[in-house]
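Reviewing the structure listed below.
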Amino acid sequence: MQGNSAILTIIAFQALILFSLWGILYQVVKQQGRILLRLDQLDHRAVHVETERGQQGLEVGTTISTFRLPDIEGGMVSLEDFRGKHVLLVYWGPNCGFCELLAPDLARLQGDLRVAGVQLVLVSQDDAQANRRLVEESGLKCPTLLMEGDHPLVVQGAFREMGTPSAYLLDEQGSVSRPLAVGGDAILALAMGAIGDRPRRGRLPGERPLNESRIERNGLKAGTPAPPFRLTDLRGETIALEDYRGRQVLLVFTDPNCGPCEVLAPHLVRVHREHRDNGLALLMVARGEIEENRHKADKYGFEFPVVLQERWKLSREYGIFVVPVAFLIDEEGVIVKDVARGVDEILALVPQGLAAGRT
C-alpha cells in the first residue's frame with residue numbers, strides 16, 4: 001500500500017510540474033503573440049503613414065530646394081533660372097505609358113502656360129535619348145532634366161516613392177502652391193488651373209479641346225472588335241492578328257523588364273505546350289529592344305510568336321498602359337472578356353478560351 005501511495009504521489013507531482021510548465025508556456029506564447037500582434041500593427045501603421053504621406057506629397061508652402069541638373073541637350077539647368085515664374089514641375093518617364101499619353105496634351109497646353117507666366121519643366125530618371133525621342137515626337141518644347149535615383153528631389157521628399165507621372169505647381173519663389181497631382185488627368189487639371197482665365201492661344205485647325213479628349217485608359221471592353229495590327233516578330237517575320245481568324249487568341253502584352261511578366265513567362269510556356277492544338281493560340285506583344293526580348297524568349301523557351309510594338313503604340317489602341325495584361329479574342333476577332341491584369345487574371349482566361357473553342 002505504501003509503495004502504491006508513493007507511486008501515486010510521484011505521478012501527481014509530475015503532473016503538477018507538467019501542468020505548471022504548460023501554464024508558463026501558455027503565458028509565454030500568449031505574451032509573444034501580443035508582441036507580434038503589436039509589431040504587426042505598428043508595421044501596418046508605419047506603412048499606412050508612409051503611403052499616405054507619399055500620396056499627399058509635399059505640403060503647400062514647402063520650398064523646393066534649388067537644384068542644378070543636366071538637360072537632354074547636355075546643358076545645365078537650375079531652378080533659379082525660373083525665379084519670377086510659376087513652374088509646373090512634372091516627374092515623368094518616356095517608358096511610362098501614362099506619360100506617353102500625357103505628353104501631347106502637355107504640348108498643346110505649353111503655349112497657354114507660357115502666356116500665363118508658367119514654365120513647364122520635365123524631370124526624369126531615364127536616359128537622354130529616350131526622353132528626347134518622346135519630347136520631339138510629342139512637340140514638347142520645354143526643359144527636360146535628368147536626375148539620378150539619389151538626387152534630393154527623389155530622396156528628400158518631392159518625388160520620393162512617387163510614380164510617374166506626378167507634378168507640383170511652384171510659385172515665383174519655388175514653393176509648392178498646389179497639392180501634388182498624381183496621374184495624367186490630375187496634372188492636366190493642375191495645368192488648366194494655372195492657366196486660369198488668362199487669354200489662350202487659338203487652337204490649330206482640326207485640333208480638339210482637351211475636354212473632348214476621350215482616349216480609353218482602362219482597356220477595351222468585351223464585345224469590342226480587337227484593333228487589327230501587323231507587327232514584326234523576333235525572327236523578322238510579319239504577323240497580323242487577322243492571320244488568327246477562326247481561332248481563340250490569348251493576346252498578352254508584356255515587357256522584358258517587368259517583374260510580374262517574368263513570373264508569368266513559364267506559365268505561358270506551359271499553356272502553349274498543353275493547348276496549342278486545342279484551338280487556343282497564344283500571341284505575345286512585347287515592348288523594348290529586340291535583343292533583350294530574344295534573350296527572354298531563349299531563357300524561357302518561347303515557342304509562340306512574340307511581336308514587337310513601338311513603345312506603347314499598340315497598347316494605346318487597346319486602351320491599356322500597364323503590363324502584364326491580356327485580352328481573349330474570339331474566332332471573329334472580337335474581344336470576349338474585359339482586360340485581364342496580372343498573372344492570376346491572365347491565366348484565368350485560359351480555361352474560358354478553351355471552353356469557348358469547344359462550343
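Within each chain, counting starts at residue 1; across the C-alpha cells, chains are named A, B, ... in the order shown, with ligands numbered 1 upward in that order.
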**Prompt:** Quick one: residues within 12 Å of Asp127 (chain A), only C-alpha atoms counted, chain neighbours fewer than 5 positions away excluded, as a PyMOL selection string?
**Reply:** chain A and resi 70-74+92-95+132-134+144-148
**Message:** If DSSP is run on the backbone, what residues of region 151-350 of chain A are alpha helix (DSSP H)? A reply as an MDAnalysis selection string would be ideal.
**Reply:** chainID A and resid 152:155 184:195 259:275 290:300 313:318 342:350
Restricted to C-alpha atoms, what would the selected residues look like written as a PDB file, in the first residue's frame?
ATOM      1  CA  PRO A 152      17.486  65.253 -53.467  1.00  0.00           C
ATOM      2  CA  LEU A 153      14.276  65.680 -55.496  1.00  0.00           C
ATOM      3  CA  VAL A 154      13.791  61.936 -55.030  1.00  0.00           C
ATOM      4  CA  VAL A 155      15.464  61.162 -51.720  1.00  0.00           C
ATOM      5  CA  GLY A 184      -2.407  62.473 -66.248  1.00  0.00           C
ATOM      6  CA  ASP A 185      -5.902  63.818 -65.562  1.00  0.00           C
ATOM      7  CA  ALA A 186      -4.840  65.442 -62.289  1.00  0.00           C
ATOM      8  CA  ILE A 187      -1.795  67.033 -63.948  1.00  0.00           C
ATOM      9  CA  LEU A 188      -3.899  68.446 -66.782  1.00  0.00           C
ATOM     10  CA  ALA A 189      -6.333  69.853 -64.226  1.00  0.00           C
ATOM     11  CA  LEU A 190      -3.383  71.411 -62.377  1.00  0.00           C
ATOM     12  CA  ALA A 191      -2.127  72.953 -65.629  1.00  0.00           C
ATOM     13  CA  MET A 192      -5.552  74.289 -66.556  1.00  0.00           C
ATOM     14  CA  GLY A 193      -5.881  75.800 -63.084  1.00  0.00           C
ATOM     15  CA  ALA A 194      -2.516  77.515 -63.514  1.00  0.00           C
ATOM     16  CA  ILE A 195      -3.660  78.976 -66.815  1.00  0.00           C
ATOM     17  CA  GLY A 259       8.874  41.588 -62.782  1.00  0.00           C
ATOM     18  CA  PRO A 260       5.327  40.129 -62.948  1.00  0.00           C
ATOM     19  CA  CYS A 261       5.947  39.386 -66.644  1.00  0.00           C
ATOM     20  CA  GLU A 262       8.862  37.211 -65.543  1.00  0.00           C
ATOM     21  CA  VAL A 263       6.545  35.315 -63.202  1.00  0.00           C
ATOM     22  CA  LEU A 264       4.020  34.881 -65.996  1.00  0.00           C
ATOM     23  CA  ALA A 265       6.528  33.650 -68.609  1.00  0.00           C
ATOM     24  CA  PRO A 266       6.882  29.951 -67.594  1.00  0.00           C
ATOM     25  CA  HIS A 267       3.111  29.667 -67.213  1.00  0.00           C
ATOM     26  CA  LEU A 268       2.652  30.887 -70.789  1.00  0.00           C
ATOM     27  CA  VAL A 269       5.173  28.313 -71.987  1.00  0.00           C
ATOM     28  CA  ARG A 270       3.161  25.578 -70.268  1.00  0.00           C
ATOM     29  CA  VAL A 271      -0.166  26.878 -71.601  1.00  0.00           C
ATOM     30  CA  HIS A 272       1.168  26.928 -75.159  1.00  0.00           C
ATOM     31  CA  ARG A 273       2.602  23.421 -74.982  1.00  0.00           C
ATOM     32  CA  GLU A 274      -0.534  21.947 -73.452  1.00  0.00           C
ATOM     33  CA  HIS A 275      -3.161  23.739 -75.513  1.00  0.00           C
ATOM     34  CA  ILE A 290      14.697  43.127 -79.992  1.00  0.00           C
ATOM     35  CA  GLU A 291      17.833  41.701 -78.362  1.00  0.00           C
ATOM     36  CA  GLU A 292      16.505  41.834 -74.796  1.00  0.00           C
ATOM     37  CA  ASN A 293      13.285  40.181 -75.977  1.00  0.00           C
ATOM     38  CA  ARG A 294      15.236  37.482 -77.816  1.00  0.00           C
ATOM     39  CA  HIS A 295      17.203  36.837 -74.639  1.00  0.00           C
ATOM     40  CA  LYS A 296      13.994  36.399 -72.668  1.00  0.00           C
ATOM     41  CA  ALA A 297      12.467  34.151 -75.346  1.00  0.00           C
ATOM     42  CA  ASP A 298      15.567  31.926 -75.279  1.00  0.00           C
ATOM     43  CA  LYS A 299      15.672  31.909 -71.483  1.00  0.00           C
ATOM     44  CA  TYR A 300      12.134  30.556 -71.120  1.00  0.00           C
ATOM     45  CA  LYS A 313       1.636  52.319 -79.697  1.00  0.00           C
ATOM     46  CA  LEU A 314      -0.488  49.154 -79.887  1.00  0.00           C
ATOM     47  CA  SER A 315      -1.220  49.258 -76.151  1.00  0.00           C
ATOM     48  CA  ARG A 316      -2.727  52.694 -76.756  1.00  0.00           C
ATOM     49  CA  GLU A 317      -5.122  51.223 -79.342  1.00  0.00           C
ATOM     50  CA  TYR A 318      -6.187  48.586 -76.827  1.00  0.00           C
ATOM     51  CA  GLY A 342      -1.725  40.445 -63.684  1.00  0.00           C
ATOM     52  CA  VAL A 343      -0.685  36.802 -63.647  1.00  0.00           C
ATOM     53  CA  ASP A 344      -3.764  35.276 -61.998  1.00  0.00           C
ATOM     54  CA  GLU A 345      -6.335  37.073 -64.145  1.00  0.00           C
ATOM     55  CA  ILE A 346      -4.421  36.277 -67.325  1.00  0.00           C
ATOM     56  CA  LEU A 347      -4.188  32.569 -66.516  1.00  0.00           C
ATOM     57  CA  ALA A 348      -7.898  32.547 -65.668  1.00  0.00           C
ATOM     58  CA  LEU A 349      -8.614  33.409 -69.318  1.00  0.00           C
ATOM     59  CA  VAL A 350      -7.127  30.089 -70.498  1.00  0.00           C
TER      60      VAL A 350
END
**Asked** Quick one: residues within 9 Å of Ala167 (chain A), only C-alpha atoms counted, chain neighbours fewer than 5 positions away excluded, as JSON, numbers by chain?
**Response** {"A": [88, 89, 90, 91, 92, 159, 179, 180, 181, 182, 183, 186, 187, 190]}
**Message:** If I take CA of Arg276 (chain A) and CA of Gly246 (chain A), how far is one from the other in Å, to one decimal?
**Reply:**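 The value is 13.8 Å.
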**Asked** So which residues touch His86 (chain A) within 9 Å, counting only C-alpha atoms, skipping near sequence neighbours fewer than 3 positions away, as an MDAnalysis selection string?
**Response** chainID A and resid 82:83 116:120 169:174 194
**Complete:** Pairwise distance, CA of Glu310 (chain A) with CA of Gly288 (chain A), equals 7.8 Å
**Request:** Give the answer as one residue: which of A:Gly139, A:Gly61, A:Pro165, A:Gly319 has the shortest atom-to-atom distance to Phe98 (chain A), using only C-alpha atoms?
**Result:**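 Among the listed residues, the smallest separation from Phe98 (chain A) belongs to A:Pro165.
CA of Val336 (chain A) is found 28.1 Å from CA of Gly301 (chain A).
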**Prompt:** Could you pull out the strand (DSSP E or B) residues of region 168-284 of chain A from DSSP and send them as a VMD selection string?
**Reply:** chain A and resid 168 to 170 175 to 176 181 to 182 225 230 to 233 238 to 240 248 to 254 280 to 284
Output N, CA and C atoms of each residue in that selection to a file, as a JSON list (two decimals), in the first residue's frame.
[["chain", "number", "residue", "atom", "x", "y", "z"],
["A", 168, "TYR", "N", 4.06, 69.06, -59.38],
["A", 168, "TYR", "CA", 3.80, 70.17, -58.47],
["A", 168, "TYR", "C", 3.71, 71.45, -59.28],
["A", 169, "LEU", "N", 2.91, 72.38, -58.78],
["A", 169, "LEU", "CA", 2.92, 73.75, -59.29],
["A", 169, "LEU", "C", 3.66, 74.59, -58.25],
["A", 170, "LEU", "N", 4.75, 75.23, -58.67],
["A", 170, "LEU", "CA", 5.55, 76.06, -57.79],
["A", 170, "LEU", "C", 5.29, 77.53, -58.06],
["A", 175, "SER", "N", 8.14, 77.69, -54.16],
["A", 175, "SER", "CA", 7.39, 76.98, -53.12],
["A", 175, "SER", "C", 6.17, 76.30, -53.73],
["A", 176, "VAL", "N", 5.78, 75.18, -53.15],
["A", 176, "VAL", "CA", 4.61, 74.44, -53.63],
["A", 176, "VAL", "C", 3.36, 75.27, -53.42],
["A", 181, "ALA", "N", -0.19, 66.59, -57.74],
["A", 181, "ALA", "CA", -1.09, 66.00, -58.73],
["A", 181, "ALA", "C", -0.49, 64.68, -59.18],
["A", 182, "VAL", "N", -1.24, 63.60, -59.08],
["A", 182, "VAL", "CA", -0.77, 62.28, -59.47],
["A", 182, "VAL", "C", -1.65, 61.75, -60.61],
["A", 225, "PRO", "N", -14.56, 45.01, -81.22],
["A", 225, "PRO", "CA", -13.64, 44.38, -82.18],
["A", 225, "PRO", "C", -12.19, 44.68, -81.81],
["A", 230, "ARG", "N", -0.32, 44.62, -87.74],
["A", 230, "ARG", "CA", 0.70, 43.85, -88.44],
["A", 230, "ARG", "C", 2.05, 44.27, -87.85],
["A", 231, "LEU", "N", 2.69, 43.34, -87.15],
["A", 231, "LEU", "CA", 3.94, 43.66, -86.46],
["A", 231, "LEU", "C", 5.00, 42.61, -86.76],
["A", 232, "THR", "N", 6.25, 43.00, -86.60],
["A", 232, "THR", "CA", 7.37, 42.11, -86.86],
["A", 232, "THR", "C", 7.70, 41.28, -85.61],
["A", 233, "ASP", "N", 7.94, 39.99, -85.80],
["A", 233, "ASP", "CA", 8.28, 39.15, -84.67],
["A", 233, "ASP", "C", 9.80, 39.08, -84.48],
["A", 238, "THR", "N", 6.57, 39.08, -90.48],
["A", 238, "THR", "CA", 5.40, 39.92, -90.18],
["A", 238, "THR", "C", 4.23, 39.04, -89.78],
["A", 239, "ILE", "N", 3.61, 39.39, -88.67],
["A", 239, "ILE", "CA", 2.45, 38.64, -88.16],
["A", 239, "ILE", "C", 1.29, 39.61, -88.00],
["A", 240, "ALA", "N", 0.14, 39.19, -88.49],
["A", 240, "ALA", "CA", -1.07, 40.01, -88.40],
["A", 240, "ALA", "C", -2.10, 39.31, -87.53],
["A", 248, "GLN", "N", -9.47, 30.97, -81.19],
["A", 248, "GLN", "CA", -9.43, 31.82, -80.00],
["A", 248, "GLN", "C", -7.98, 32.28, -79.81],
["A", 249, "VAL", "N", -7.80, 33.54, -79.45],
["A", 249, "VAL", "CA", -6.45, 34.08, -79.29],
["A", 249, "VAL", "C", -6.30, 34.69, -77.90],
["A", 250, "LEU", "N", -5.24, 34.29, -77.21],
["A", 250, "LEU", "CA", -4.87, 34.93, -75.96],
["A", 250, "LEU", "C", -3.76, 35.91, -76.31],
["A", 251, "LEU", "N", -4.10, 37.21, -76.34],
["A", 251, "LEU", "CA", -3.17, 38.27, -76.72],
["A", 251, "LEU", "C", -2.59, 38.87, -75.45],
["A", 252, "VAL", "N", -1.29, 38.66, -75.22],
["A", 252, "VAL", "CA", -0.64, 39.05, -73.97],
["A", 252, "VAL", "C", 0.34, 40.19, -74.24],
["A", 253, "PHE", "N", 0.22, 41.27, -73.45],
["A", 253, "PHE", "CA", 1.14, 42.41, -73.54],
["A", 253, "PHE", "C", 2.13, 42.33, -72.39],
["A", 254, "THR", "N", 3.43, 42.34, -72.73],
["A", 254, "THR", "CA", 4.47, 42.22, -71.70],
["A", 254, "THR", "C", 5.62, 43.18, -71.97],
["A", 280, "LEU", "N", -6.63, 27.16, -79.00],
["A", 280, "LEU", "CA", -6.28, 28.41, -78.33],
["A", 280, "LEU", "C", -4.88, 28.83, -78.75],
["A", 281, "ALA", "N", -4.78, 29.93, -79.48],
["A", 281, "ALA", "CA", -3.48, 30.44, -79.92],
["A", 281, "ALA", "C", -2.98, 31.47, -78.92],
["A", 282, "LEU", "N", -1.68, 31.46, -78.71],
["A", 282, "LEU", "CA", -1.05, 32.43, -77.81],
["A", 282, "LEU", "C", -0.17, 33.35, -78.64],
["A", 283, "LEU", "N", -0.37, 34.65, -78.45],
["A", 283, "LEU", "CA", 0.40, 35.66, -79.18],
["A", 283, "LEU", "C", 0.84, 36.73, -78.18],
["A", 284, "MET", "N", 2.15, 36.99, -78.14],
["A", 284, "MET", "CA", 2.68, 37.96, -77.19],
["A", 284, "MET", "C", 3.09, 39.23, -77.92]]
**Request:** Rank nothing, just name the residue among A:Pro104, A:Gly219, A:Gly84, A:Gly57 nearest to Phe321 (chain A), using only C-alpha atoms.
**Result:** A:Gly219
Residues within 9 Å of Ser78 (chain A), only C-alpha atoms, excluding chain neighbours under 3 positions, as a tab-separated table (two decimals) with N, CA and C atoms, in the first residue's frame:
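So the final result, stored in selection11.tsv, reads:
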chain	number	residue	atom	x	y	z
A	66	THR	N	16.72	74.35	-54.16
A	66	THR	CA	17.20	74.64	-55.51
A	66	THR	C	18.04	73.48	-56.02
A	67	PHE	N	17.99	73.24	-57.32
A	67	PHE	CA	18.74	72.14	-57.91
A	67	PHE	C	19.37	72.60	-59.21
A	68	ARG	N	20.35	71.85	-59.64
A	68	ARG	CA	21.02	72.09	-60.91
A	68	ARG	C	21.21	70.73	-61.58
A	69	LEU	N	20.55	70.55	-62.73
A	69	LEU	CA	20.52	69.25	-63.39
A	69	LEU	C	20.87	69.38	-64.86
A	70	PRO	N	21.44	68.33	-65.44
A	70	PRO	CA	21.68	68.32	-66.88
A	70	PRO	C	20.37	68.15	-67.64
A	81	ASP	N	16.88	79.48	-62.44
A	81	ASP	CA	16.68	80.06	-63.77
A	81	ASP	C	15.23	80.48	-63.99
A	82	PHE	N	14.32	79.97	-63.17
A	82	PHE	CA	12.90	80.24	-63.39
A	82	PHE	C	12.30	81.13	-62.30
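With distances restricted to only C-alpha atoms, A:Ala286 is the closest residue to Gln309 (chain A) from A:Ala355, A:Leu241, A:Val325, A:Ala286.
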